Structures are given as structure tokens and as C-alpha cells.
file my_file.cif (mmCIF, C-alpha atoms)
data_model
#
loop_
_atom_site.label_atom_id
_atom_site.label_comp_id
_atom_site.auth_asym_id
_atom_site.auth_seq_id
_atom_site.Cartn_x
_atom_site.Cartn_y
_atom_site.Cartn_z
CA MET F 1 105.55 113.62 105.95
CA LYS F 2 107.68 116.66 106.66
CA LYS F 3 106.40 120.11 105.70
CA ILE F 4 109.01 122.57 104.46
CA VAL F 5 107.76 126.03 103.47
CA SER F 6 110.23 128.89 103.09
CA ALA F 7 109.30 132.43 104.08
CA LEU F 8 109.65 133.56 100.47
CA THR F 9 107.50 130.74 99.15
CA LEU F 10 104.89 131.29 101.85
CA ALA F 11 104.71 134.98 101.01
CA ALA F 12 104.34 134.18 97.32
CA ALA F 13 101.63 131.68 98.10
CA LEU F 14 99.69 134.18 100.16
CA VAL F 15 99.89 136.78 97.39
CA ALA F 16 98.84 134.26 94.75
CA GLY F 17 96.11 132.80 96.93
CA VAL F 18 97.44 129.26 96.62
CA SER F 19 98.52 126.75 99.23
CA ILE F 20 101.79 124.86 99.18
CA VAL F 21 102.69 121.54 100.74
CA SER F 22 106.26 120.29 100.34
CA CYS F 23 106.80 116.59 100.95
CA SER F 24 110.37 115.43 101.42
CA SER F 25 112.69 113.35 103.52
CA SER F 26 115.58 115.58 102.46
CA GLY F 27 115.75 118.15 105.22
CA GLY F 28 116.01 120.87 102.57
CA ASP F 29 119.64 120.32 101.53
CA SER F 30 120.95 121.36 98.11
CA ASP F 31 120.99 117.83 96.72
CA VAL F 32 117.27 117.85 96.08
CA ILE F 33 115.29 117.41 92.88
CA LYS F 34 111.94 119.20 93.04
CA ILE F 35 108.90 117.82 91.25
CA GLY F 36 105.91 120.14 91.28
CA VAL F 37 102.43 118.75 91.83
CA PHE F 38 100.02 121.05 89.98
CA GLU F 39 96.58 119.84 91.02
CA PRO F 40 93.11 120.99 92.16
CA LEU F 41 93.09 119.83 95.77
CA THR F 42 90.00 121.89 96.62
CA GLY F 43 87.01 123.14 94.62
CA ALA F 44 84.82 121.36 92.07
CA ASN F 45 87.65 119.13 90.83
CA GLY F 46 89.23 118.51 94.23
CA ALA F 47 88.43 114.80 94.37
CA GLY F 48 89.99 114.23 90.95
CA GLY F 49 93.13 116.14 91.90
CA ALA F 50 93.38 114.21 95.17
CA ASP F 51 93.09 110.90 93.29
CA GLU F 52 95.97 111.86 90.99
CA TYR F 53 98.02 113.07 93.96
CA ASP F 54 97.54 109.70 95.71
CA GLY F 55 99.23 107.94 92.79
CA ILE F 56 102.04 110.51 92.71
CA LYS F 57 102.63 110.19 96.47
CA LEU F 58 102.77 106.41 96.22
CA ALA F 59 105.31 106.52 93.39
CA HIS F 60 107.38 108.99 95.43
CA LYS F 61 107.27 106.80 98.54
CA LEU F 62 108.46 103.78 96.56
CA ASN F 63 111.04 105.79 94.57
CA PRO F 64 112.22 108.73 96.72
CA THR F 65 115.64 109.19 95.12
CA ILE F 66 117.23 109.46 91.68
CA LEU F 67 120.85 110.02 90.60
CA GLY F 68 121.83 109.84 94.26
CA LYS F 69 119.58 112.79 95.12
CA LYS F 70 116.40 112.96 97.14
CA ILE F 71 113.19 113.96 95.40
CA GLN F 72 110.93 116.56 96.95
CA LEU F 73 107.27 116.87 95.96
CA VAL F 74 106.01 120.46 96.00
CA ALA F 75 102.22 120.43 95.78
CA VAL F 76 100.36 123.63 94.92
CA ASP F 77 96.56 123.74 94.98
CA ASN F 78 95.17 125.35 91.81
CA LYS F 79 91.71 125.30 93.44
CA SER F 80 89.80 124.11 90.33
CA ASP F 81 89.97 127.65 88.96
CA LYS F 82 91.66 128.88 85.77
CA VAL F 83 93.01 132.08 87.35
CA GLU F 84 94.24 130.23 90.43
CA ALA F 85 95.84 127.66 88.12
CA ALA F 86 97.94 130.38 86.49
CA ASN F 87 98.92 131.61 89.96
CA ALA F 88 99.85 128.10 91.07
CA ALA F 89 101.94 127.53 87.95
CA THR F 90 103.77 130.81 88.59
CA VAL F 91 104.63 129.76 92.14
CA LEU F 92 106.00 126.42 90.94
CA ALA F 93 108.00 127.90 88.07
CA GLN F 94 109.27 131.18 89.47
CA LYS F 95 109.38 130.76 93.25
CA GLU F 96 109.89 127.05 93.80
CA LYS F 97 111.91 126.62 90.57
CA VAL F 98 110.90 122.97 90.25
CA ASN F 99 112.74 120.63 87.88
CA ALA F 100 109.52 119.18 86.41
CA VAL F 101 105.76 119.33 86.97
CA ILE F 102 102.97 116.74 87.17
CA GLY F 103 99.34 117.74 86.50
CA SER F 104 96.71 119.03 86.28
CA TRP F 105 93.46 117.15 86.62
CA GLY F 106 91.26 119.14 84.23
CA SER F 107 92.33 120.20 80.76
CA SER F 108 91.27 123.83 81.31
CA LEU F 109 93.54 124.07 84.35
CA SER F 110 96.44 122.50 82.47
CA MET F 111 95.98 124.99 79.64
CA SER F 112 96.06 127.88 82.12
CA GLY F 113 99.40 126.76 83.50
CA GLY F 114 100.91 125.62 80.21
CA PRO F 115 102.27 128.95 78.89
CA ILE F 116 103.91 129.65 82.26
CA PHE F 117 105.75 126.33 82.30
CA ALA F 118 106.79 126.84 78.68
CA GLU F 119 108.16 130.32 79.35
CA ALA F 120 110.17 128.95 82.29
CA LYS F 121 111.29 125.99 80.14
CA ILE F 122 110.08 123.49 82.74
CA PRO F 123 108.61 120.19 81.44
CA ALA F 124 105.11 119.34 82.61
CA VAL F 125 103.44 115.94 82.34
CA ALA F 126 99.64 115.90 82.38
CA VAL F 127 98.11 112.90 84.10
CA SER F 128 94.56 112.79 82.71
CA ALA F 129 94.11 116.06 80.79
CA THR F 130 92.74 114.72 77.50
CA ASN F 131 91.97 117.90 75.51
CA PRO F 132 94.30 118.14 72.46
CA ASN F 133 95.07 121.81 73.21
CA VAL F 134 96.97 120.92 76.40
CA THR F 135 100.05 119.89 74.42
CA LYS F 136 99.32 121.55 71.07
CA GLY F 137 101.90 124.23 70.37
CA ASN F 138 103.54 123.79 73.78
CA GLU F 139 106.95 122.12 73.48
CA TYR F 140 107.15 121.64 77.26
CA TYR F 141 103.81 119.91 77.94
CA PHE F 142 103.49 116.11 77.71
CA ARG F 143 100.84 113.63 78.82
CA VAL F 144 100.52 109.97 79.82
CA CYS F 145 96.84 109.58 78.86
CA PHE F 146 94.97 109.25 75.56
CA LEU F 147 93.31 112.22 73.83
CA ASP F 148 89.67 113.20 73.46
CA PRO F 149 89.54 112.71 69.66
CA PHE F 150 90.26 109.02 70.35
CA GLN F 151 88.02 108.86 73.43
CA GLY F 152 85.11 110.56 71.67
CA THR F 153 85.49 108.35 68.60
CA VAL F 154 85.52 105.07 70.53
CA GLY F 155 82.66 106.31 72.73
CA ALA F 156 80.50 106.94 69.67
CA ALA F 157 81.44 103.56 68.22
CA TYR F 158 80.51 101.87 71.48
CA ALA F 159 77.14 103.65 71.55
CA PHE F 160 76.37 102.78 67.92
CA ASN F 161 77.80 99.27 67.63
CA VAL F 162 77.43 97.81 71.13
CA LEU F 163 74.50 99.70 72.62
CA LYS F 164 72.77 99.85 69.22
CA ALA F 165 71.79 103.47 69.86
CA ARG F 166 70.37 105.32 66.87
CA LYS F 167 69.12 108.50 68.59
CA VAL F 168 71.49 110.26 71.00
CA ALA F 169 71.11 113.38 73.13
CA ILE F 170 74.11 115.39 74.36
CA ILE F 171 74.47 117.18 77.71
CA ARG F 172 77.61 119.34 77.87
CA GLU F 173 79.31 121.10 80.74
CA VAL F 174 79.70 124.20 78.58
CA SER F 175 82.14 125.94 80.96
CA ASN F 176 84.50 122.96 80.74
CA ASP F 177 86.84 122.73 77.71
CA TYR F 178 87.15 118.97 78.24
CA SER F 179 83.39 118.42 78.10
CA VAL F 180 82.80 120.63 75.05
CA GLY F 181 85.68 119.07 73.13
CA LEU F 182 84.79 115.50 73.95
CA ALA F 183 81.14 116.07 73.01
CA LYS F 184 82.20 117.42 69.62
CA PHE F 185 84.39 114.39 68.83
CA PHE F 186 81.59 112.04 69.91
CA VAL F 187 78.98 113.84 67.79
CA ASP F 188 81.19 113.95 64.70
CA GLN F 189 81.85 110.23 64.85
CA PHE F 190 78.28 109.23 65.72
CA VAL F 191 76.88 111.20 62.80
CA LYS F 192 79.48 109.57 60.55
CA LEU F 193 78.54 106.08 61.75
CA SER F 194 74.80 106.64 61.53
CA GLY F 195 74.95 108.56 58.26
CA ASP F 196 72.24 110.81 59.68
CA GLU F 197 72.82 114.32 61.07
CA LYS F 198 69.45 114.06 62.80
CA SER F 199 70.71 111.12 64.89
CA ILE F 200 71.80 113.72 67.48
CA VAL F 201 68.30 114.63 68.63
CA ALA F 202 69.13 117.31 71.22
CA THR F 203 72.04 119.20 72.78
CA SER F 204 71.72 120.85 76.19
CA ASP F 205 74.27 122.83 78.20
CA TYR F 206 74.96 123.57 81.85
CA ASN F 207 77.72 125.20 83.90
CA THR F 208 80.16 123.73 86.39
CA GLY F 209 78.59 123.75 89.84
CA ASP F 210 74.96 123.62 88.65
CA GLN F 211 72.66 121.46 90.77
CA ASP F 212 69.31 121.51 88.98
CA PHE F 213 69.12 119.99 85.49
CA SER F 214 65.36 119.63 85.21
CA ALA F 215 65.03 122.10 82.30
CA GLN F 216 67.67 120.32 80.19
CA LEU F 217 66.33 116.87 80.98
CA THR F 218 62.70 117.81 80.37
CA ASN F 219 63.71 119.08 76.94
CA ILE F 220 65.64 115.90 76.16
CA LYS F 221 62.90 113.56 77.38
CA GLN F 222 60.51 114.56 74.60
CA PHE F 223 62.93 113.21 71.97
CA GLU F 224 63.07 109.74 73.56
CA PRO F 225 66.80 109.15 72.90
CA ASP F 226 68.28 105.67 73.04
CA ALA F 227 71.37 107.05 74.78
CA ILE F 228 72.57 110.25 76.41
CA PHE F 229 76.22 111.25 76.17
CA ALA F 230 77.09 113.43 79.17
CA PRO F 231 80.83 114.06 79.45
CA GLY F 232 81.29 116.27 82.49
CA ASN F 233 82.57 116.47 86.03
CA TYR F 234 81.76 113.45 88.24
CA THR F 235 79.45 115.32 90.66
CA GLU F 236 77.29 117.11 88.08
CA SER F 237 77.15 114.01 85.87
CA ALA F 238 75.93 111.84 88.74
CA LEU F 239 73.26 114.42 89.60
CA ILE F 240 72.15 114.56 85.97
CA ILE F 241 71.65 110.79 85.86
CA LYS F 242 69.89 110.78 89.21
CA GLN F 243 67.46 113.51 88.12
CA ALA F 244 66.94 111.85 84.73
CA ARG F 245 65.84 108.61 86.37
CA ALA F 246 63.50 110.55 88.66
CA LEU F 247 61.90 112.04 85.53
CA GLY F 248 61.41 108.57 84.07
CA ILE F 249 64.14 108.81 81.43
CA LYS F 250 65.35 105.28 80.70
CA ALA F 251 68.04 106.06 78.09
CA GLN F 252 71.50 104.54 78.49
CA PHE F 253 73.98 107.07 79.89
CA ILE F 254 77.51 107.24 78.45
CA GLY F 255 80.38 109.34 79.71
CA GLY F 256 84.13 109.84 79.70
CA ASP F 257 87.05 109.31 82.05
CA THR F 258 85.93 111.97 84.55
CA TRP F 259 83.23 109.58 85.79
CA ASP F 260 85.91 107.21 87.07
CA ALA F 261 85.84 108.58 90.63
CA ALA F 262 84.36 107.31 93.88
CA THR F 263 82.36 110.55 94.16
CA PHE F 264 80.40 109.59 91.04
CA LEU F 265 79.18 106.43 92.79
CA GLU F 266 78.56 108.19 96.10
CA VAL F 267 76.49 111.00 94.58
CA GLY F 268 74.65 108.89 92.02
CA GLY F 269 73.84 105.90 94.21
CA ALA F 270 71.51 103.36 92.64
CA ALA F 271 70.65 105.76 89.81
CA VAL F 272 74.03 105.32 88.10
CA GLU F 273 73.74 101.52 87.88
CA GLY F 274 74.43 100.55 84.27
CA ALA F 275 76.13 103.82 83.34
CA THR F 276 78.99 103.19 80.89
CA PHE F 277 82.12 105.24 80.30
CA SER F 278 85.59 105.22 78.78
CA THR F 279 88.61 105.50 81.05
CA PHE F 280 92.29 104.66 81.46
CA PHE F 281 92.64 101.68 83.79
CA ALA F 282 90.69 98.79 85.32
CA ASN F 283 91.53 97.56 88.82
CA ASP F 284 89.96 94.16 88.19
CA VAL F 285 92.08 93.47 85.08
CA PRO F 286 95.82 94.14 85.73
CA ILE F 287 97.57 94.95 82.44
CA ASN F 288 101.13 93.92 83.32
CA LYS F 289 103.54 93.31 86.22
CA THR F 290 103.74 97.03 86.96
CA SER F 291 99.94 97.11 87.30
CA GLU F 292 100.12 94.30 89.85
CA VAL F 293 102.84 96.06 91.85
CA PHE F 294 100.91 99.34 91.78
CA LEU F 295 97.60 97.77 92.83
CA LYS F 296 99.15 95.84 95.72
CA ALA F 297 101.09 98.86 97.00
CA PHE F 298 98.15 101.27 96.61
CA ARG F 299 95.75 99.02 98.50
CA GLU F 300 98.26 98.57 101.31
CA GLU F 301 99.05 102.30 101.51
CA PHE F 302 95.56 103.81 101.23
CA LYS F 303 93.26 100.91 102.26
CA LYS F 304 91.00 101.56 99.27
CA GLU F 305 90.74 100.90 95.54
CA PRO F 306 92.63 103.32 93.27
CA ALA F 307 90.89 105.54 90.76
CA ALA F 308 92.15 105.17 87.19
CA VAL F 309 93.83 108.57 87.45
CA SER F 310 95.77 107.38 90.51
CA ALA F 311 97.46 104.82 88.27
CA LEU F 312 98.22 107.57 85.75
CA GLY F 313 99.57 109.84 88.51
CA TYR F 314 101.91 107.03 89.49
CA ASP F 315 102.95 106.62 85.85
CA ALA F 316 103.57 110.34 85.32
CA TYR F 317 106.04 110.37 88.23
CA MET F 318 107.78 107.24 86.96
CA VAL F 319 108.02 108.58 83.39
CA ILE F 320 109.78 111.69 84.71
CA LEU F 321 112.20 109.52 86.72
CA ASP F 322 112.85 107.44 83.62
CA ALA F 323 113.64 110.60 81.67
CA ILE F 324 116.01 111.82 84.41
CA THR F 325 117.75 108.45 84.41
CA ARG F 326 118.24 108.43 80.64
CA ALA F 327 119.32 112.10 80.61
CA LYS F 328 121.66 111.46 83.57
CA SER F 329 120.57 114.91 84.68
CA ALA F 330 117.72 116.66 86.48
CA GLU F 331 118.22 119.86 84.50
CA PRO F 332 114.73 120.80 83.20
CA GLN F 333 115.71 121.12 79.54
CA LYS F 334 117.44 117.74 79.58
CA ILE F 335 114.42 116.14 81.25
CA ARG F 336 112.24 117.69 78.56
CA ASP F 337 114.44 116.36 75.75
CA ALA F 338 114.53 112.87 77.30
CA LEU F 339 110.75 112.82 77.65
CA THR F 340 110.43 113.17 73.88
CA GLN F 341 112.34 109.89 73.52
CA THR F 342 110.08 107.88 75.86
CA LYS F 343 109.25 104.61 74.14
CA ASP F 344 107.55 101.42 75.33
CA PHE F 345 107.79 102.47 78.98
CA GLU F 346 105.86 99.96 81.10
CA GLY F 347 103.44 101.96 83.23
CA SER F 348 100.84 100.66 85.63
CA ALA F 349 98.11 101.79 83.18
CA GLY F 350 99.83 100.29 80.14
CA SER F 351 102.78 100.90 77.86
CA ILE F 352 103.67 104.54 77.22
CA THR F 353 105.26 105.87 74.05
CA ILE F 354 105.44 109.65 73.68
CA ASN F 355 104.77 110.63 70.06
CA ALA F 356 105.91 113.67 68.08
CA GLU F 357 103.04 115.76 69.48
CA ARG F 358 104.15 114.87 73.05
CA ASN F 359 101.07 112.72 73.56
CA ALA F 360 100.87 109.11 74.71
CA ASP F 361 99.55 106.42 72.39
CA LYS F 362 97.28 104.51 74.79
CA ASP F 363 94.36 102.08 74.82
CA ALA F 364 90.95 103.00 76.21
CA VAL F 365 89.12 100.91 78.79
CA PHE F 366 85.34 100.74 79.05
CA LYS F 367 83.68 100.24 82.42
CA THR F 368 80.15 100.08 83.71
CA VAL F 369 78.61 100.48 87.16
CA LYS F 370 77.36 97.19 88.58
CA ASP F 371 76.22 96.63 92.17
CA GLY F 372 77.65 99.98 93.19
CA LYS F 373 81.12 99.28 91.77
CA PHE F 374 83.06 99.99 88.59
CA VAL F 375 83.39 96.83 86.48
CA PHE F 376 85.63 96.29 83.45
CA LEU F 377 83.85 95.73 80.11
CA THR F 378 86.43 95.83 77.32
CA THR F 379 89.62 97.44 75.99
CA VAL F 380 89.78 99.42 72.75
CA LYS F 381 93.10 100.08 71.02
CA PRO F 382 93.92 103.23 68.98
#
call {"tool": "encode", "arguments": {"input": "my_file.cif", "output": "C-alpha cells"}}
result
Amino acid sequence: MKKIVSALTLAAALVAGVSIVSCSSSGGDSDVIKIGVFEPLTGANGAGGADEYDGIKLAHKLNPTILGKKIQLVAVDNKSDKVEAANAATVLAQKEKVNAVIGSWGSSLSMSGGPIFAEAKIPAVAVSATNPNVTKGNEYYFRVCFLDPFQGTVGAAYAFNVLKARKVAIIREVSNDYSVGLAKFFVDQFVKLSGDEKSIVATSDYNTGDQDFSAQLTNIKQFEPDAIFAPGNYTESALIIKQARALGIKAQFIGGDTWDAATFLEVGGAAVEGATFSTFFANDVPINKTSEVFLKAFREEFKKEPAAVSALGYDAYMVILDAITRAKSAEPQKIRDALTQTKDFEGSAGSITINAERNADKDAVFKTVKDGKFVFLTTVKP
């Protein structure tokens, strides 16, 4: 990996407080197409951003050129912070002048960068940012994952129909737009299915970075819920489950795609056995030939199992290359226009069709934790 950082870019990075890593085999010549990597590589969401970046790097290694030009990845760390995310987006758009952007892990971070990419007329493709507001009203933001209205709806249906839960408690990461939104969609659907507004027995909140959840869990315990829906960051969610078990709470825990990270298993240990969540991809059930190619290459490259978002990171890169190929141009506006025409593209995490709202129509996968590993349960279609 060759690091290329210009004096101007370095100065901009120092002012903005962001770090830049440029990955290229190009030597910096003019025949280079720049793809920005807009991810949290440090901070609370650092592991998630790193997982997405792994998939992007693999796709780049396997497909380093397009239209006879070399592709350069320009990664900027948005540090899991909304202000830093705006700074990082500014560096990519105004200083690096990238042709397209991939990221960010975390809907709040994507929403911070979105207006900046739109103003610069640079297309951005979110990997796993599931909040509807990421693409809403932004003609330059796309995504390769499903949305929270779908994820929350199928999560509630799973809790009601499969787990037979009739009383559910909610624990929200209130400082996280993803968590608050997903909880709302889950609650709305669960109340609809149960026909009883009192079926949601308690709602408790916490902030990103909190470590002690005893007050929230003690409150919830008295209601004896059948299940607890806790859509939040992988670290805090694992700690919540661990502390709940220590308090003697036996309710089934349900979460969203953010749990699909090795850190969740590492932090939670034996306490997260049996936890169930919706996500994007299952390593033990390849969807198509592209899934098989991705899994084989990822395991050889990184000597580990990929997170679901690694598959989506891979797909986001490939969708951009597909758009460049169809546009026969790497001009940002032409990439953007070609992205809107993406249909039945075979990604490693399933077929991708970009709809009129610039979102991907995708299936959801349910997994559980068994013997310290993520295990596929079922697939749910939109």
C-alpha cells in the first residue's frame, strides 16, 4: 500500500482534524479516478467503519482499474463524530475532489456529510446507513442496504410471530438517529400486530459511550418483558445484555444490523448467546456466485470471517464501478445519473436495484449467536 498525501491535503486535514490515507498503485498521475472512503476509523464506531473499509479495500484490490484508469482510494476518518464527519466530507469534496464517495457506517455520520456531497454534486453510496433520512431529499446520496422501516417491521414480526413475545421493552441509544428511528418502526409494527398499545411495557434511553445500564435495566425488570428490543451500537448493546443477565433478566434480546460485528461477541461473551438480530448477509449461506467469490477472497486476504457490512462495502465499490462502466465516464454527475439506473446488479450480499428514492430493495437476514458465533436463521423479503 502506497501512501500519497499532498501538502495541501495534509494542511487541510490538520485544520479539519481528520486523517487521510490514500491507497493507490498509480503513482499520482493524472489518469486516476478517486473514490473517497468516508468512514469512522476511530471512536465509538471505529470497528464498524473498519469492517466496511475491509470490504472496500478487497474490492479495490481485485478491481483496481476502470476505463483504462487506475482507481485511488482516499480514506478520511470521520472519527465517529457528527462535526468531524462534516469536516471529513469537506476534505473529500473540496480538497481531494473525489469522483464518488463510499460511506459512512452510522446514519448520523452519513447525514452530516450528505449536504456537503450534494453541494459539490458528488455521488455518495452508503454501505449500511439504514435511516431513511440519509437519502431523503438528497439527490446525490444512494445506498446498497435496506432501510429501517423494513428492518423495524420485520424485527417486530419476528418477535411477535416467531418468538411469541407479547410484552416488549425498548432500550434506545437516544443520541443515535439510527437507534431512535429503528425503535420507532419496531414499536409501531409491534403495537399493530398485538393490537395493544400496552404491549410495549417500558422504554429506556441511554447515550453513546455509556457503560452502566443498571438503572434502565432495573426499571425494565419489574415489567417482566418477554423480549427486549435494543437497537444500538455493538459495544453498548453487548454490555446491556451482559448486565441484564447479571441482574437475572431472562428476556429474549433482539437487535438490528449494528450487532453484526466481532466486537459484539467479544464484549458480550457468553451473555449474548441466543441474542437475535436482523442484518444484511450470512457467511454460512452464500447467496450467489458473487457471494462465493467474495467469501473466498476475503478469507484469503484477511484470515478471518467477514462482517456483513464488509460484504456491503465490497458491493458499494462494485456498484460505483458498474455505474462508471455504463456511463463510460468517471465524471461525478454521470456516475450519479448511472447509479439511478442500477438494476438487478449481482452483489455479494444479494441483488441490488436502486429505486426512485435512491435506496436498494434488499432482503433481510436473521442471525442468532450460538456457541460464540453468528449463525444464520432465516431470510425475509421486502
call {"tool": "closest_residue", "arguments": {"input": "my_file.cif", "among": "F:Gly372, F:Ala118, F:Ser175, F:Lys343", "to": "Ala93 in chain F", "atoms": "only C-alpha atoms"}}
result
F:Ala118
call {"tool": "closest_residue", "arguments": {"input": "my_file.cif", "among": "F:Ser278, F:Gln72, F:Gln189, F:Gln243", "to": "Val101 in chain F", "atoms": "all atoms listed in the file"}}
result
F:Gln72
call {"tool": "atom_distance", "arguments": {"input": "my_file.cif", "atom1": "CA of Glu301 in chain F", "atom2": "CA of Phe366 in chain F"}}
result
26.4 Å
call {"tool": "residues_around", "arguments": {"input": "my_file.cif", "residues": "range 346-363 of chain F", "least_positions_apart": "3", "cutoff": "6 Å", "atoms": "all atoms listed in the file", "output": "count of residues only"}}
result
15
call {"tool": "resolve_selection", "arguments": {"input": "my_file.cif", "expression": "the PyMOL selection byres ((chain F and resi 227) around 9)", "output": "mmCIF file with C-alpha atoms, in the frame of the given file"}}
result
data_model
loop_
_atom_site.group_PDB
_atom_site.id
_atom_site.type_symbol
_atom_site.label_atom_id
_atom_site.label_comp_id
_atom_site.auth_asym_id
_atom_site.auth_seq_id
_atom_site.Cartn_x
_atom_site.Cartn_y
_atom_site.Cartn_z
ATOM 1 C CA ALA F 159 77.140 103.650 71.550
ATOM 2 C CA LEU F 163 74.500 99.700 72.620
ATOM 3 C CA ALA F 165 71.790 103.470 69.860
ATOM 4 C CA ARG F 166 70.370 105.320 66.870
ATOM 5 C CA LYS F 167 69.120 108.500 68.590
ATOM 6 C CA VAL F 168 71.490 110.260 71.000
ATOM 7 C CA ALA F 169 71.110 113.380 73.130
ATOM 8 C CA ILE F 170 74.110 115.390 74.360
ATOM 9 C CA GLU F 224 63.070 109.740 73.560
ATOM 10 C CA PRO F 225 66.800 109.150 72.900
ATOM 11 C CA ASP F 226 68.280 105.670 73.040
ATOM 12 C CA ILE F 228 72.570 110.250 76.410
ATOM 13 C CA PHE F 229 76.220 111.250 76.170
ATOM 14 C CA LYS F 250 65.350 105.280 80.700
ATOM 15 C CA ALA F 251 68.040 106.060 78.090
ATOM 16 C CA GLN F 252 71.500 104.540 78.490
ATOM 17 C CA PHE F 253 73.980 107.070 79.890
ATOM 18 C CA ILE F 254 77.510 107.240 78.450
#
call {"tool": "resolve_selection", "arguments": {"input": "my_file.cif", "expression": "the PyMOL selection byres ((chain F and resi 284) around 9)", "output": "JSON, numbers by chain"}}
result
{"F": [282, 283, 285, 286, 375, 376]}
call {"tool": "write_last_selection", "arguments": {"input": "my_file.cif", "atoms": "C-alpha atoms", "output": "CSV table (one decimal), in the coordinates of the input"}}
result
chain,number,residue,atom,x,y,z
F,282,ALA,CA,90.7,98.8,85.3
F,283,ASN,CA,91.5,97.6,88.8
F,285,VAL,CA,92.1,93.5,85.1
F,286,PRO,CA,95.8,94.1,85.7
F,375,VAL,CA,83.4,96.8,86.5
F,376,PHE,CA,85.6,96.3,83.4
call {"tool": "residues_around", "arguments": {"input": "my_file.cif", "residues": "Pro40 in chain F", "least_positions_apart": "4", "cutoff": "8 Å", "atoms": "all atoms listed in the file", "output": "ChimeraX atom specification"}}
result
/F:45-46,48-50,77-80,104-105
call {"tool": "write_last_selection", "arguments": {"input": "my_file.cif", "atoms": "C-alpha atoms", "output": "PDB file, in the coordinates of the input"}}
result
ATOM      1  CA  ASN F  45      87.650 119.130  90.830  1.00  0.00           C
ATOM      2  CA  GLY F  46      89.230 118.510  94.230  1.00  0.00           C
ATOM      3  CA  GLY F  48      89.990 114.230  90.950  1.00  0.00           C
ATOM      4  CA  GLY F  49      93.130 116.140  91.900  1.00  0.00           C
ATOM      5  CA  ALA F  50      93.380 114.210  95.170  1.00  0.00           C
ATOM      6  CA  ASP F  77      96.560 123.740  94.980  1.00  0.00           C
ATOM      7  CA  ASN F  78      95.170 125.350  91.810  1.00  0.00           C
ATOM      8  CA  LYS F  79      91.710 125.300  93.440  1.00  0.00           C
ATOM      9  CA  SER F  80      89.800 124.110  90.330  1.00  0.00           C
ATOM     10  CA  SER F 104      96.710 119.030  86.280  1.00  0.00           C
ATOM     11  CA  TRP F 105      93.460 117.150  86.620  1.00  0.00           C
TER      12      TRP F 105
END
call {"tool": "resolve_selection", "arguments": {"input": "my_file.cif", "expression": "the PyMOL selection byres ((chain F and resi 217) around 9)", "output": "list of chain:residue names"}}
result
F:Ile171, F:Ser204, F:Phe213, F:Ser214, F:Ala215, F:Gln216, F:Thr218, F:Asn219, F:Ile220, F:Lys221, F:Gln222, F:Ile240, F:Gln243, F:Ala244, F:Leu247, F:Ile249
call {"tool": "atom_distance", "arguments": {"input": "my_file.cif", "atom1": "CA of Ala100 in chain F", "atom2": "CA of Ala47 in chain F"}}
result
23.0 Å
call {"tool": "residues_around", "arguments": {"input": "my_file.cif", "residues": "Glu52 in chain F", "least_positions_apart": "3", "cutoff": "12 Å", "atoms": "all atoms listed in the file", "output": "PyMOL selection string"}}
result
chain F and resi 37-41+45-49+55-59+75+102-106+126-129+258+260-261+306-317
call {"tool": "closest_residue", "arguments": {"input": "my_file.cif", "among": "F:Thr203, F:Asn138, F:Ala120, F:Met111", "to": "Tyr178 in chain F", "atoms": "all atoms listed in the file"}}
result
F:Met111
call {"tool": "atom_distance", "arguments": {"input": "my_file.cif", "atom1": "CA of Phe280 in chain F", "atom2": "CA of Asn207 in chain F"}}
result
25.3 Å
call {"tool": "residues_near_point", "arguments": {"input": "my_file.cif", "point": "(75.5, 100.3, 84.3)", "cutoff": "7 Å", "atoms": "only C-alpha atoms", "output": "ChimeraX atom specification"}}
result
/F:272-276,368-370
call {"tool": "closest_residue", "arguments": {"input": "my_file.cif", "among": "F:Ile33, F:Val125, F:Leu147, F:Val91", "to": "Thr65 in chain F", "atoms": "all atoms listed in the file"}}
result
F:Ile33
call {"tool": "axis_aligned_box", "arguments": {"input": "my_file.cif", "around": "range 366-371 of chain F", "padding_each_side": "4 Å", "output": "JSON"}}
result
{"center_x": 80.8, "center_y": 98.7, "center_z": 85.6, "size_x": 17.1, "size_y": 12.1, "size_z": 21.1}
call {"tool": "closest_residue", "arguments": {"input": "my_file.cif", "among": "F:Ala44, F:Asp54, F:Lys184, F:Gln151", "to": "Phe302 in chain F", "atoms": "all atoms listed in the file"}}
result
F:Asp54
call {"tool": "closest_residue", "arguments": {"input": "my_file.cif", "among": "F:Glu173, F:Glu197, F:Glu119, F:Asp188", "to": "Thr153 in chain F", "atoms": "only C-alpha atoms"}}
result
F:Asp188
call {"tool": "residues_around", "arguments": {"input": "my_file.cif", "residues": "Glu305 in chain F", "least_positions_apart": "5", "cutoff": "9 Å", "atoms": "all atoms listed in the file", "output": "PyMOL selection string"}}
result
chain F and resi 283+295+298-299
call {"tool": "residues_around", "arguments": {"input": "my_file.cif", "residues": "Ser108 in chain F", "least_positions_apart": "2", "cutoff": "7 Å", "atoms": "all atoms listed in the file", "output": "list in words"}}
result
Lys82, Gly106, Ser110, Met111, Ser112, Asn176 and Asp177 of chain F
call {"tool": "decode", "arguments": {"input": "my_file.cif", "residues": "range 218-251 of chain F", "atoms": "C-alpha atoms", "output": "CSV table (one decimal), in the first residue's frame"}}
result
chain,number,residue,atom,x,y,z
F,218,THR,CA,-33.7,-2.4,37.0
F,219,ASN,CA,-36.7,-0.4,35.7
F,220,ILE,CA,-37.4,-2.8,32.9
F,221,LYS,CA,-37.0,-5.9,35.1
F,222,GLN,CA,-40.1,-5.1,37.1
F,223,PHE,CA,-42.3,-5.4,34.0
F,224,GLU,CA,-41.1,-8.9,33.2
F,225,PRO,CA,-41.0,-8.5,29.4
F,226,ASP,CA,-40.9,-11.5,27.1
F,227,ALA,CA,-38.4,-9.7,24.8
F,228,ILE,CA,-36.2,-6.6,24.9
F,229,PHE,CA,-35.5,-4.7,21.6
F,230,ALA,CA,-32.2,-2.9,22.0
F,231,PRO,CA,-31.1,-1.4,18.6
F,232,GLY,CA,-27.8,0.3,19.4
F,233,ASN,CA,-24.0,0.3,18.8
F,234,TYR,CA,-22.4,-3.2,19.2
F,235,THR,CA,-20.3,-2.3,22.3
F,236,GLU,CA,-23.1,-0.7,24.4
F,237,SER,CA,-25.6,-3.4,23.3
F,238,ALA,CA,-23.3,-6.2,24.4
F,239,LEU,CA,-22.8,-4.5,27.7
F,240,ILE,CA,-26.6,-4.1,28.2
F,241,ILE,CA,-27.2,-7.8,27.6
F,242,LYS,CA,-24.3,-8.8,29.9
F,243,GLN,CA,-25.6,-6.6,32.7
F,244,ALA,CA,-29.2,-7.7,32.1
F,245,ARG,CA,-28.2,-11.4,32.6
F,246,ALA,CA,-26.3,-10.4,35.8
F,247,LEU,CA,-29.5,-8.9,37.1
F,248,GLY,CA,-31.4,-12.1,36.4
F,249,ILE,CA,-33.3,-10.8,33.3
F,250,LYS,CA,-34.1,-13.8,31.1
F,251,ALA,CA,-36.0,-12.0,28.3
